[in-house]
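Report on the following structure.
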Amino acid sequence: MPPNSESARPDADVILSLSDVRVHFPVKAGVFKRTVGHVKAVDGVDLDVYRGEVLGLVGESGCGKTTLGKAILQLVRNVTGKVLYRSDDKDTDLTGLDERGLFPFRKRLQIVFQDPHSSLNPAFTIFGSLEDPLKRYGVKTRKERRKIVGDLLEAVNMRPEAMDHYPHEFSGGQRQRIGIARALSIEPELIVCDEAVSALDVSIQAQVLQLLMDLKQSKNLTYIFITHDLSVTEYLCDRIAVMYLGRIVELCDAEELYGNTLHPYTEALLSAIPVADLDRKSKRIVLEGDVPSPINPPPGCPFHPRCRYAQDVCRTVVPELKRYRSDRGDHFAACHLVEAPEAD
Amino acid sequence: MTIAQPDRGKRRRSKLDAQFDRIRDREEAGQVKKRRRGRFWNKFLNNHLAVAGLVVFTFIILVSVFAPLLTSYDPRAVDLRSMTQAPSLEHWFGTDRTGRDVFARVLYGGRISILVGLGSAILCAIIGVIIGIYSGYIGGWLDWFAMRVSEVFMAFPQIILVLLLVSILGQSLANLMIIFTLTGWGGIYRMARARMLSLREEEYVQALRSFGLGPARIAYKHMLPNALGPIMVNITLSTAAFILQEAALSFLGLGVPLSVPTWGNILNAAQDLRILENYWWIWLPVGVTISLFVLSVNFIGDGLRDATDPSQQG
Amino acid sequence: MAETGDLALSVRNLKTYMYANNRCNKAVNGVSFEIHKGKTLCIVGESGCGKSVTASTIMQLLPTLSRIEEGEVIYHSDDGDIRIDQLARNGRQMRAIRGSEIAMIFQDPMTALNPVYTIGFQIIEMLLYHTRLRGRKRFNKAIDLLRSMGIPLPERRVREYPHQYSGGMRQRAMIAIAMSCNPKILIADEPTTALDVTIQAQIFELMETLKRDHGTAIMLITHDMGVVAELADDVAVMYMGNIVEAGPVGVVLRNPVHPYTRALLESIPVLGRGKNQEIRAIPGQTPDPYDRPKGCQFADRCRYRIDQCDAMPPETQISDYHRVMCWRYEEFTANAAE
């Protein structure tokens with residue numbers, strides 16, 4: 001089943017709004033563990049997520065996409081900036097809330113992890129793993145909990161009896177589906193999928209992708225889909241944010257990104273993806289060098305050392321995320337050299 | 001086509017080849033049933049030394065527990081008419097200098113010695129695990145404090161510490177166990193803590209956090225079972241070590257009061273050169289028992305370690 | 001069939017079984033293929049299909065609890081053919097071939113390099129065993145190798161340790177070590193799986209250069225059909241220990257015949273096909289290697305299954321270069337030609 005093609009974005013119904021989110025981990029060294037610098041894993045991200053959309057967060061390893069996902073759920077410390085979550089027409093800033101204050105929002109935000117081998121507790125049966133969160137959210141009797149877990153497993157196309165088995169009895173794809181069932185167990189509104197299909201075999205990936213899309217339809221979910229794979233986001237996402245060294249460098253509608261790429265990094269990234277279609281082979285743009293260290297990012301545009309268009313201004317001035325005119329909603333890009341007309 | 005034949009290296013039929021053939025035949029005949037036993041038991045039972053250890057261990061425990069059924073002698077009953085008798089049908093292991101039956105003393109002594117060894121090891125494990133799990137997962141000042149304290153205990157020469165404590169607290173069974181626990185909890189604490197530090201990064205732990213479960217519940221209910229394997233191994237190995245320590249301390253006269261029969265106290269008699277030379281039955285049976293017991297516990301520990309280590313296969 | 005002259009390696013009906021945990025896993029169960037000089041053969045398949053075991057068999061780097069049951073692995077060296085499967089695993093002859101004639105690079109360059117020695121030392125060590133170069137010359141050769149792999153400032157980098165290299169550079173260093181003795185065959189086991197796409201592109205570029213300039217035959221193991229389309233000359237699709245389809249990349253990717261190859265190609269989103277592209281998941285999961293289907297290994301998941309599939313289909317040559325293991329290949333060949 002193809003995902004629905006009309007824009008799944010009702011006007012400006014923002015569910016989550018990030019402004020100037022930074023996650024800096026201190027780097028400690030020496031005998032006295034003094035802080036000698038910071039890993040700027042996420043370095044100033046502004047982003048709105050709309051209710052009911054699939055937002056792709058793409059980038060290479062070390063670009064901060066996973067940290068950003070965890071920062072949204074407050075699973076990492078050192079988050080500064082604002083993570084505004086809108087529920088019942090009220091915005092709440094999740095940063096700075098303690099566990100008690102976060103509790104009502106834990107129910108609304110969930111996460112699906114990458115590694116199906118470490119995402120389930122090997123010492124418990126599936127029911128044992130999934131039962132505790134339900135208990136925490138007030139499902140009192142064991143009978144009810146077994147019923148809920150059974151229903152969840154059916155929702156992810158598994159047999160309810162699977163709940164009495166241990167994780168090692170399942171394959172990677174099945175475990176990933178159990179991980180999805182766990183995330184669904186307390187009926188969240190927004191799910192962060194952190195490389196949810198990357199560790200799976202090719203033949204299993206499609207099963208899980210389709211399951212995610214079906215669940216989105218039936219349960220009215222919003223996804224933030226974190227991945228390094230731009231061919232998956234093309235299939236799955238409504239909007240895509242490309243990250244590089246802790247910042248968003250391009251953000252726009254998915255079709256717009258593939259049809260009208262503005263940022264040179266996105267351009268190189270797209271050209272580097274191996275395409276399983278001999279008729280669509282394009283010329284690779286091979287980037288020189290590696291992603292710089294997030295402890296000591298280069299001055300100016302973080303991408304300039306690898307950019308083939310780089311000019312003097314790129315080496316000194318940090319480009320802002322500017323809005324450009326486009327037929328398909330807003331198109332943001334952070335590059336000095338974009339020649340497209342700016343939006344007002 | 002010419003094929004250059006290699007000089008040597010034509011595969012010789014080895015023992016391994018024969019084993020492979022056997023496995024393959026069985027597999028092709030479809031005789032391999034779904035294993036009902038888990039991987040753990042399979043590996044443990046394949047380890048012959050560990051199984052032998054388990055048998056000896058169980059045997060010694062059983063005869064100690066059922067000592068009253070196996071001997072009618074009172075291990076403390078002095079019988080001056082039959083001093084230092086050689087082994088006979090009446091006294092299987094002979095009698096000692098005050099005419100006490102050595103067989104009965106070894107059996108009853110096992111009760112105390114095993115209690116001291118196993119009991120102290122379990123106490124150590126309980127304390128070490130409770131603190132280690134907490135400080136490994138939650139951290140904070142307790143982590144810092146516990147780490148420093150355990151470092152102090154580990155840096156101090158243990159035998160001197162034990163001597164010191166015995167002379168302060170006095171000789172008694174309870175005191176001995178307290179001393180062993182005090183000096184022994186550090187090892188298990190460090191192990192549990194290290195295990196928690198690596199488990200903390202597992203994604204299921206993050207998932208539980210994302211549900212807003214409390215740290216104590218995550219640490220003690222969900223993470224602890226995954227840290228138990230190496231802890232069990234450590235318990236067995238420190239049981240053996242404590243039994244040896246008890247024997248050593250009692251031999252020096254610093255363990256349990258001499259009136260109580262323990263393996264160490266029985267050995268204590270061998271301090272006398274006359275006994276060592278002339279009355280072998282007073283010290284040899286108990287020495288052999290201690291060695292057997294410690295060896296069997298160590299084999300069990302090794303077997304447990306191999307069985308719980310997922311990186312080893314075979 | 002091709003002349004023996006341009007062959008680098010032939011594998012015929014190879015069976016390698018693994019014997020861990022008292023079970024027998026028929027990891028490679030009758031595999032035949034050829035690697036041509038100066039060409040890239042991609043072996044594509046999912047985890048557990050036996051592609052890595054095939055590579056280890058060729059290198060004789062199998063674990064102790066495994067055995068080559070049947071078949072031939074023939075290395076066509078300049079001085080005649082050598083039956084690799086009959087050499088002792090760690091004998092002198094095998095060690096001479098390993099590294100200097102056939103070299104291998106691995107998925108994770110961090111664990112494949114020794115962290116306590118400099119990169120330069122690790123290259124020089126290879127040169128020491130396999131060439132007659134001496135002292136200063138060896139050192140210079142190491143620098144040349146690093147330079148030709150596109151590592152900047154090789155004079156400085158040669159004295160650095162693996163942890164000072166980034167992921168992409170480590171893989172380059174691995175390739176430099178592998179290429180140090182100009183091997184005829186380079187076996188690459190998922191060389192870019194652990195790397196980012198932009199770094200992957202760099203490594204691909206490098207491998208193309210090697211093939212062009214040195215005439216190295218490359219056997220590339222991957223799970224990614226995209227990589228196959230980018231790099232391969234020939235492709236062999238593996239599933240559960242068999243090569244189910246093999247042929248030149250243009251034939252296999254444009255006109256796939258085996259249902260598994262087709263399903264694989266249909267199950268991945270392809271860049272550039274837009275949001276409305278149809279992807280079709282393969283139902284079920286790969287079977288338990290200890291509990292395999294009797295006949296065609298793919299039968300349980302196959303849409304075109306018929307009763308005949310309960311027996312193992314033979315390898316059938318459709319054309320001179322294209323072969324497939326499927327009972328219904330004739331129908332599918334007709335389909336594909338449409």
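Just so we're on the same page: first chain in the structure tokens is A, next is B, and so on; residues restart at 1 for each chain, and ligands are numbered from 1 in the order they show up.
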
*Tell me which protein, DNA and RNA residues are within 8 Å of Gly69 in chain A, counting only C-alpha atoms, leaving out same-chain ones fewer than 4 positions away, and put them as JSON, numbers by chain.*
{"A": [65, 73, 192, 194, 224, 226]}

Please produce a file of the residues just selected, as a PDB file, in the first residue's frame, where the atoms kept are N, CA and C atoms.
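Below you can see selection-v3.pdb, which holds the result:
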```pdb
ATOM      1  N   LYS A  65      21.694  13.747  14.993  1.00  0.00           N
ATOM      2  CA  LYS A  65      20.270  13.462  14.813  1.00  0.00           C
ATOM      3  C   LYS A  65      19.715  12.584  15.934  1.00  0.00           C
ATOM      4  N   LEU A  73      12.868  13.731  23.903  1.00  0.00           N
ATOM      5  CA  LEU A  73      12.269  12.928  24.963  1.00  0.00           C
ATOM      6  C   LEU A  73      12.920  13.170  26.322  1.00  0.00           C
ATOM      7  N   VAL A 192       9.255   8.930  18.113  1.00  0.00           N
ATOM      8  CA  VAL A 192      10.557   9.154  17.495  1.00  0.00           C
ATOM      9  C   VAL A 192      11.091   7.789  17.068  1.00  0.00           C
ATOM     10  N   ASP A 194      14.156   6.027  15.874  1.00  0.00           N
ATOM     11  CA  ASP A 194      15.589   6.254  15.745  1.00  0.00           C
ATOM     12  C   ASP A 194      16.204   5.125  14.921  1.00  0.00           C
ATOM     13  N   ILE A 224       8.693  11.280  14.084  1.00  0.00           N
ATOM     14  CA  ILE A 224       9.972  11.890  13.715  1.00  0.00           C
ATOM     15  C   ILE A 224      10.864  10.722  13.344  1.00  0.00           C
ATOM     16  N   ILE A 226      14.202   9.279  12.263  1.00  0.00           N
ATOM     17  CA  ILE A 226      15.632   9.569  12.203  1.00  0.00           C
ATOM     18  C   ILE A 226      16.318   8.482  11.392  1.00  0.00           C
TER      19      ILE A 226
END
```

If the cut-off is 8 Å, can you tell me the residues of chain C near chain A, counting only C-alpha atoms? I'd like them as a short mmCIF file (atom, residue, chain, number, x, y, z; two decimals) with N, CA and C atoms, in the first residue's frame.
```
data_model
loop_
_atom_site.label_atom_id
_atom_site.label_comp_id
_atom_site.auth_asym_id
_atom_site.auth_seq_id
_atom_site.Cartn_x
_atom_site.Cartn_y
_atom_site.Cartn_z
N GLU C 46 21.19 -11.56 2.30
CA GLU C 46 20.90 -11.05 3.63
C GLU C 46 21.79 -11.74 4.66
N SER C 47 21.69 -11.30 5.91
CA SER C 47 22.55 -11.92 6.92
C SER C 47 22.19 -13.39 7.04
N SER C 166 40.10 8.71 10.99
CA SER C 166 38.65 8.65 11.01
C SER C 166 38.21 7.34 10.35
N GLY C 168 36.55 6.55 7.66
CA GLY C 168 36.81 6.38 6.23
C GLY C 168 38.29 6.18 5.97
N ASP C 196 29.56 6.13 6.49
CA ASP C 196 28.52 7.02 5.98
C ASP C 196 28.51 7.04 4.46
N VAL C 197 27.39 7.49 3.90
CA VAL C 197 27.28 7.45 2.44
C VAL C 197 28.33 8.29 1.75
N THR C 198 28.66 9.45 2.29
CA THR C 198 29.65 10.27 1.58
C THR C 198 31.02 9.62 1.64
N ILE C 199 31.32 8.92 2.73
CA ILE C 199 32.59 8.20 2.83
C ILE C 199 32.54 6.95 1.97
N GLN C 200 31.37 6.31 1.93
CA GLN C 200 31.19 5.14 1.09
C GLN C 200 31.50 5.50 -0.36
N ALA C 201 31.05 6.67 -0.78
CA ALA C 201 31.30 7.09 -2.16
C ALA C 201 32.80 7.20 -2.41
N GLN C 202 33.53 7.72 -1.41
CA GLN C 202 34.99 7.83 -1.56
C GLN C 202 35.62 6.44 -1.73
N HIS C 223 24.89 -6.37 1.17
CA HIS C 223 23.47 -6.69 1.27
C HIS C 223 22.65 -5.66 0.51
N ASP C 224 23.35 -4.70 -0.11
CA ASP C 224 22.69 -3.51 -0.64
C ASP C 224 22.65 -3.57 -2.16
N MET C 225 21.45 -3.70 -2.71
CA MET C 225 21.31 -3.76 -4.16
C MET C 225 21.84 -2.49 -4.82
N GLY C 226 21.79 -1.38 -4.09
CA GLY C 226 22.31 -0.12 -4.63
C GLY C 226 23.81 -0.23 -4.90
N VAL C 227 24.53 -0.82 -3.96
CA VAL C 227 25.97 -1.01 -4.13
C VAL C 227 26.23 -1.89 -5.34
N VAL C 228 25.42 -2.91 -5.50
CA VAL C 228 25.57 -3.80 -6.65
C VAL C 228 25.45 -3.01 -7.94
N ALA C 229 24.40 -2.19 -8.01
CA ALA C 229 24.18 -1.41 -9.23
C ALA C 229 25.34 -0.46 -9.50
N GLU C 230 25.95 0.05 -8.43
CA GLU C 230 27.03 1.01 -8.61
C GLU C 230 28.33 0.36 -9.07
N GLY C 250 23.92 -6.11 -15.62
CA GLY C 250 22.88 -5.55 -16.47
C GLY C 250 21.73 -6.53 -16.67
N LEU C 253 19.91 -7.33 -12.94
CA LEU C 253 19.15 -6.23 -12.36
C LEU C 253 18.02 -5.75 -13.28
N ARG C 254 18.24 -5.84 -14.59
CA ARG C 254 17.17 -5.40 -15.49
C ARG C 254 16.13 -6.47 -15.69
N ALA C 263 11.92 -10.03 -5.64
CA ALA C 263 11.35 -9.55 -4.38
C ALA C 263 12.30 -8.58 -3.70
N LEU C 264 13.59 -8.91 -3.72
CA LEU C 264 14.58 -8.02 -3.10
C LEU C 264 14.54 -6.65 -3.75
N LEU C 265 14.49 -6.64 -5.09
CA LEU C 265 14.50 -5.37 -5.80
C LEU C 265 13.21 -4.58 -5.57
N SER C 267 11.47 -4.67 -2.80
CA SER C 267 11.19 -4.39 -1.39
C SER C 267 11.93 -3.16 -0.88
N ILE C 268 12.81 -2.58 -1.68
CA ILE C 268 13.52 -1.41 -1.18
C ILE C 268 13.06 -0.16 -1.92
N PRO C 269 12.88 0.93 -1.18
CA PRO C 269 12.59 2.18 -1.85
C PRO C 269 13.82 2.62 -2.64
N VAL C 270 13.61 3.07 -3.86
CA VAL C 270 14.74 3.50 -4.70
C VAL C 270 14.70 5.01 -4.83
N LEU C 271 15.84 5.61 -4.58
CA LEU C 271 15.93 7.06 -4.65
C LEU C 271 15.54 7.56 -6.03
N GLY C 272 14.71 8.57 -6.05
CA GLY C 272 14.33 9.15 -7.33
C GLY C 272 12.99 8.66 -7.84
N GLY C 274 10.28 8.71 -6.05
CA GLY C 274 9.23 9.51 -5.44
C GLY C 274 8.47 8.82 -4.33
N LYS C 275 7.54 9.57 -3.75
CA LYS C 275 6.84 9.10 -2.57
C LYS C 275 5.82 8.03 -2.91
N ASN C 276 5.35 8.00 -4.15
CA ASN C 276 4.28 7.07 -4.46
C ASN C 276 4.77 5.75 -5.02
N GLN C 277 6.09 5.56 -4.98
CA GLN C 277 6.60 4.28 -5.48
C GLN C 277 6.04 3.15 -4.63
N GLU C 278 5.86 2.02 -5.31
CA GLU C 278 5.29 0.89 -4.59
C GLU C 278 6.41 0.00 -4.09
N ILE C 279 6.42 -0.28 -2.81
CA ILE C 279 7.36 -1.29 -2.35
C ILE C 279 6.55 -2.45 -1.83
N ARG C 280 7.11 -3.62 -2.02
CA ARG C 280 6.36 -4.82 -1.67
C ARG C 280 7.21 -5.64 -0.72
N ALA C 281 6.73 -5.79 0.50
CA ALA C 281 7.51 -6.52 1.50
C ALA C 281 7.53 -8.00 1.17
N ILE C 282 8.64 -8.65 1.51
CA ILE C 282 8.70 -10.11 1.38
C ILE C 282 8.08 -10.70 2.64
N PRO C 283 7.08 -11.52 2.51
CA PRO C 283 6.44 -12.04 3.73
C PRO C 283 7.36 -12.98 4.49
N GLN C 285 10.02 -14.67 7.22
CA GLN C 285 11.40 -14.37 7.55
C GLN C 285 12.30 -15.48 7.07
#
```

*Kindly provide, as an NGL selection string, the residues of chain B having any atom no farther than 8 Å from an atom of chain A, counting only C-alpha atoms.*
:B and (202-213 or 222 or 225-226)

Keeping only C-alpha atoms, write those residues as a short mmCIF file (atom, residue, chain, number, x, y, z; two decimals), in the first residue's frame.
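Done, and the output landed in again.cif:
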```
data_model
loop_
_atom_site.label_atom_id
_atom_site.label_comp_id
_atom_site.auth_asym_id
_atom_site.auth_seq_id
_atom_site.Cartn_x
_atom_site.Cartn_y
_atom_site.Cartn_z
CA GLU B 202 21.36 -0.69 26.51
CA GLU B 203 18.34 0.49 24.62
CA TYR B 204 15.80 -1.33 26.74
CA VAL B 205 16.96 0.71 29.70
CA GLN B 206 16.46 3.90 27.72
CA ALA B 207 13.03 2.67 26.70
CA LEU B 208 12.04 2.11 30.33
CA ARG B 209 13.27 5.60 31.15
CA SER B 210 11.18 7.00 28.33
CA PHE B 211 8.13 5.53 30.07
CA GLY B 212 8.99 7.45 33.21
CA LEU B 213 9.67 4.41 35.38
CA HIS B 222 14.97 -4.85 35.07
CA PRO B 225 18.72 -10.09 36.39
CA ASN B 226 21.10 -9.32 33.53
#
```

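Proximity to chain B was assessed for C:Asp288, C:Glu155, C:Asp108, C:Glu190 counting only C-alpha atoms; the smallest distance is recorded for C:Asp288.
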
*strand (DSSP E or B) positions in range 123-204 of chain A, given as a ChimeraX atom specification*: /A:190-194

Limited to N, CA and C atoms, could you put the picked residues into a file as a PDB file, in the first residue's frame?
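Output contents, as saved in again31.pdb:
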```pdb
ATOM      1  N   LEU A 190       3.181  11.100  19.571  1.00  0.00           N
ATOM      2  CA  LEU A 190       4.343  11.322  18.724  1.00  0.00           C
ATOM      3  C   LEU A 190       5.361  10.230  19.004  1.00  0.00           C
ATOM      4  N   ILE A 191       5.882   9.627  17.949  1.00  0.00           N
ATOM      5  CA  ILE A 191       6.884   8.579  18.130  1.00  0.00           C
ATOM      6  C   ILE A 191       8.157   8.986  17.393  1.00  0.00           C
ATOM      7  N   VAL A 192       9.255   8.930  18.113  1.00  0.00           N
ATOM      8  CA  VAL A 192      10.557   9.154  17.495  1.00  0.00           C
ATOM      9  C   VAL A 192      11.091   7.789  17.068  1.00  0.00           C
ATOM     10  N   CYS A 193      11.291   7.596  15.763  1.00  0.00           N
ATOM     11  CA  CYS A 193      11.830   6.328  15.283  1.00  0.00           C
ATOM     12  C   CYS A 193      13.313   6.540  15.003  1.00  0.00           C
ATOM     13  N   ASP A 194      14.156   6.027  15.874  1.00  0.00           N
ATOM     14  CA  ASP A 194      15.589   6.254  15.745  1.00  0.00           C
ATOM     15  C   ASP A 194      16.204   5.125  14.921  1.00  0.00           C
TER      16      ASP A 194
END
```

_Just list as a PyMOL selection string whatever in range 172-343 of chain A DSSP marks as helix (DSSP H, G or I)._
chain A and resi 172-184+202-219+230-236+254-259+264-272+278-280+304-306+312-316

*Identify all chain C residues at most 12 Å from chain B by counting only C-alpha atoms; ligands do not count. Present them as a ChimeraX atom specification.*
/C:3-5,16-26,63-69,72-94,288-292,294

Could the residues in this selection be written to a file with C-alpha atoms, as a PDB file, in the first residue's frame?
```pdb
ATOM      1  CA  GLU C   3      38.276 -19.019 -21.205  1.00  0.00           C
ATOM      2  CA  THR C   4      40.397 -19.957 -18.241  1.00  0.00           C
ATOM      3  CA  GLY C   5      42.844 -17.273 -19.276  1.00  0.00           C
ATOM      4  CA  THR C  16      31.123 -25.471   3.858  1.00  0.00           C
ATOM      5  CA  TYR C  17      29.342 -26.584   6.992  1.00  0.00           C
ATOM      6  CA  MET C  18      29.628 -25.076  10.446  1.00  0.00           C
ATOM      7  CA  TYR C  19      29.606 -27.299  13.511  1.00  0.00           C
ATOM      8  CA  ALA C  20      29.187 -25.004  16.496  1.00  0.00           C
ATOM      9  CA  ASN C  21      27.087 -26.024  19.511  1.00  0.00           C
ATOM     10  CA  ASN C  22      26.872 -29.625  18.375  1.00  0.00           C
ATOM     11  CA  ARG C  23      24.687 -28.713  15.431  1.00  0.00           C
ATOM     12  CA  CYS C  24      25.464 -28.751  11.753  1.00  0.00           C
ATOM     13  CA  ASN C  25      24.678 -25.593   9.836  1.00  0.00           C
ATOM     14  CA  LYS C  26      24.958 -26.018   6.102  1.00  0.00           C
ATOM     15  CA  PRO C  63      36.660 -21.062  12.492  1.00  0.00           C
ATOM     16  CA  THR C  64      37.918 -24.356  13.906  1.00  0.00           C
ATOM     17  CA  LEU C  65      34.464 -25.830  14.178  1.00  0.00           C
ATOM     18  CA  SER C  66      33.795 -25.824  10.456  1.00  0.00           C
ATOM     19  CA  ARG C  67      34.781 -27.868   7.454  1.00  0.00           C
ATOM     20  CA  ILE C  68      34.862 -27.740   3.687  1.00  0.00           C
ATOM     21  CA  GLU C  69      32.772 -30.767   2.835  1.00  0.00           C
ATOM     22  CA  GLU C  72      36.804 -26.986  -5.258  1.00  0.00           C
ATOM     23  CA  VAL C  73      38.264 -23.558  -4.770  1.00  0.00           C
ATOM     24  CA  ILE C  74      40.807 -23.006  -7.510  1.00  0.00           C
ATOM     25  CA  TYR C  75      43.079 -20.002  -7.580  1.00  0.00           C
ATOM     26  CA  HIS C  76      44.407 -19.417 -11.070  1.00  0.00           C
ATOM     27  CA  SER C  77      47.826 -18.057 -10.253  1.00  0.00           C
ATOM     28  CA  ASP C  78      50.411 -17.051 -12.836  1.00  0.00           C
ATOM     29  CA  ASP C  79      52.266 -20.304 -12.256  1.00  0.00           C
ATOM     30  CA  GLY C  80      49.342 -22.664 -12.651  1.00  0.00           C
ATOM     31  CA  ASP C  81      46.273 -23.498 -10.715  1.00  0.00           C
ATOM     32  CA  ILE C  82      46.216 -24.030  -6.978  1.00  0.00           C
ATOM     33  CA  ARG C  83      43.542 -25.944  -5.149  1.00  0.00           C
ATOM     34  CA  ILE C  84      43.020 -23.715  -2.137  1.00  0.00           C
ATOM     35  CA  ASP C  85      40.546 -26.066  -0.483  1.00  0.00           C
ATOM     36  CA  GLN C  86      43.238 -28.717  -0.203  1.00  0.00           C
ATOM     37  CA  LEU C  87      45.870 -26.549   1.413  1.00  0.00           C
ATOM     38  CA  ALA C  88      46.386 -26.793   5.134  1.00  0.00           C
ATOM     39  CA  ARG C  89      44.549 -23.963   6.837  1.00  0.00           C
ATOM     40  CA  ASN C  90      47.627 -22.388   8.271  1.00  0.00           C
ATOM     41  CA  GLY C  91      50.266 -24.057   6.157  1.00  0.00           C
ATOM     42  CA  ARG C  92      53.142 -22.212   4.532  1.00  0.00           C
ATOM     43  CA  GLN C  93      51.513 -22.227   1.109  1.00  0.00           C
ATOM     44  CA  MET C  94      48.239 -20.833   2.326  1.00  0.00           C
ATOM     45  CA  ASP C 288      16.140 -21.127  10.849  1.00  0.00           C
ATOM     46  CA  PRO C 289      19.442 -22.490   9.455  1.00  0.00           C
ATOM     47  CA  TYR C 290      18.988 -25.605  11.576  1.00  0.00           C
ATOM     48  CA  ASP C 291      15.487 -26.171  10.319  1.00  0.00           C
ATOM     49  CA  ARG C 292      15.649 -25.548   6.613  1.00  0.00           C
ATOM     50  CA  LYS C 294      13.435 -29.441   2.206  1.00  0.00           C
TER      51      LYS C 294
END
```

*Give me the residues within 7 Å of range 146-163 of chain A as a list in words, counting only C-alpha atoms and dropping any in the same chain fewer than 5 places off.*
Thr125, Ile126, Phe127, Arg177, Ile178, Ala181, Ser185 and Leu211 of chain A

Would you kindly return, as a short mmCIF file (atom, residue, chain, number, x, y, z; two decimals) with C-alpha atoms, in the first residue's frame, each protein, DNA or RNA residue with an atom no farther than 10 Å from any atom of Gly44 in chain A, considering only C-alpha atoms and excluding same-chain residues fewer than 3 positions away?
```
data_model
loop_
_atom_site.label_atom_id
_atom_site.label_comp_id
_atom_site.auth_asym_id
_atom_site.auth_seq_id
_atom_site.Cartn_x
_atom_site.Cartn_y
_atom_site.Cartn_z
CA LEU A 18 11.98 23.31 19.16
CA SER A 19 13.75 26.59 19.46
CA ASP A 20 17.48 27.00 19.78
CA VAL A 21 17.92 23.52 21.19
CA ARG A 22 21.51 22.77 22.12
CA VAL A 23 23.02 19.67 23.64
CA LYS A 40 28.42 20.29 20.45
CA ALA A 41 26.22 17.36 19.49
CA LEU A 47 12.13 23.08 14.19
CA THR A 80 19.25 23.87 26.68
CA GLY A 81 16.78 25.90 24.64
CA GLY A 246 24.52 19.58 15.00
CA ARG A 247 22.60 22.01 12.82
CA ILE A 248 19.80 21.83 10.34
#
```

Could you list, as an mmCIF file with N, CA and C atoms, in the first residue's frame, every residue within 7 Å of range 299-306 of chain A, counting only C-alpha atoms and ignoring same-chain residues fewer than 3 positions away?
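Listing of around_32.cif after writing:
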```cif
data_model
loop_
_atom_site.group_PDB
_atom_site.id
_atom_site.type_symbol
_atom_site.label_atom_id
_atom_site.label_comp_id
_atom_site.auth_asym_id
_atom_site.auth_seq_id
_atom_site.Cartn_x
_atom_site.Cartn_y
_atom_site.Cartn_z
ATOM 1 N N LEU A 245 26.652 18.423 11.428
ATOM 2 C CA LEU A 245 27.363 18.935 12.595
ATOM 3 C C LEU A 245 26.460 19.661 13.585
ATOM 4 N N LEU A 287 32.625 13.874 -1.888
ATOM 5 C CA LEU A 287 33.090 14.889 -0.947
ATOM 6 C C LEU A 287 34.475 14.523 -0.465
ATOM 7 N N GLU A 288 35.323 15.510 -0.326
ATOM 8 C CA GLU A 288 36.653 15.255 0.225
ATOM 9 C C GLU A 288 36.566 15.193 1.747
ATOM 10 N N GLY A 289 37.472 14.444 2.315
ATOM 11 C CA GLY A 289 37.647 14.488 3.758
ATOM 12 C C GLY A 289 36.460 13.941 4.534
ATOM 13 N N ALA A 310 32.709 26.474 -1.941
ATOM 14 C CA ALA A 310 33.010 27.373 -0.828
ATOM 15 C C ALA A 310 33.724 28.645 -1.267
ATOM 16 N N CYS A 314 31.960 32.003 3.257
ATOM 17 C CA CYS A 314 31.607 30.753 3.939
ATOM 18 C C CYS A 314 32.592 30.435 5.057
ATOM 19 N N ARG A 315 33.827 30.929 4.927
ATOM 20 C CA ARG A 315 34.847 30.563 5.908
ATOM 21 C C ARG A 315 34.751 31.387 7.168
ATOM 22 N N THR A 316 34.001 32.473 7.111
ATOM 23 C CA THR A 316 33.965 33.345 8.284
ATOM 24 C C THR A 316 32.573 33.485 8.893
ATOM 25 N N VAL A 317 31.564 33.585 8.042
ATOM 26 C CA VAL A 317 30.228 33.883 8.557
ATOM 27 C C VAL A 317 29.387 32.615 8.609
ATOM 28 N N VAL A 318 28.770 32.386 9.766
ATOM 29 C CA VAL A 318 27.879 31.234 9.895
ATOM 30 C C VAL A 318 26.570 31.553 9.177
ATOM 31 N N PRO A 319 26.186 30.729 8.185
ATOM 32 C CA PRO A 319 24.938 31.029 7.466
ATOM 33 C C PRO A 319 23.717 30.733 8.335
#
```

*Excluding range 32-42 of chain C and residues on its chain fewer than 6 positions from it, collect all residues at most 10 Å away from it, counting only C-alpha atoms, and give them as number ranges by chain.*
C: 2-15, 71-76, 184-188, 207-208, 210-225, 227-229, 231-237, 242-243, 246-249, 315

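Counting from CA of Gly229 in chain B, the distance to CA of Thr181 in chain B is 20.4 Å.
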
*With a distance cut-off of 12 Å and only C-alpha atoms, select the neighbouring residues of Thr111 in chain C, excluding the residue or stretch itself and same-chain residues fewer than 6 positions from it, and output the selection as number ranges by chain.*
C: 105, 162-163, 167, 170-171, 174, 194
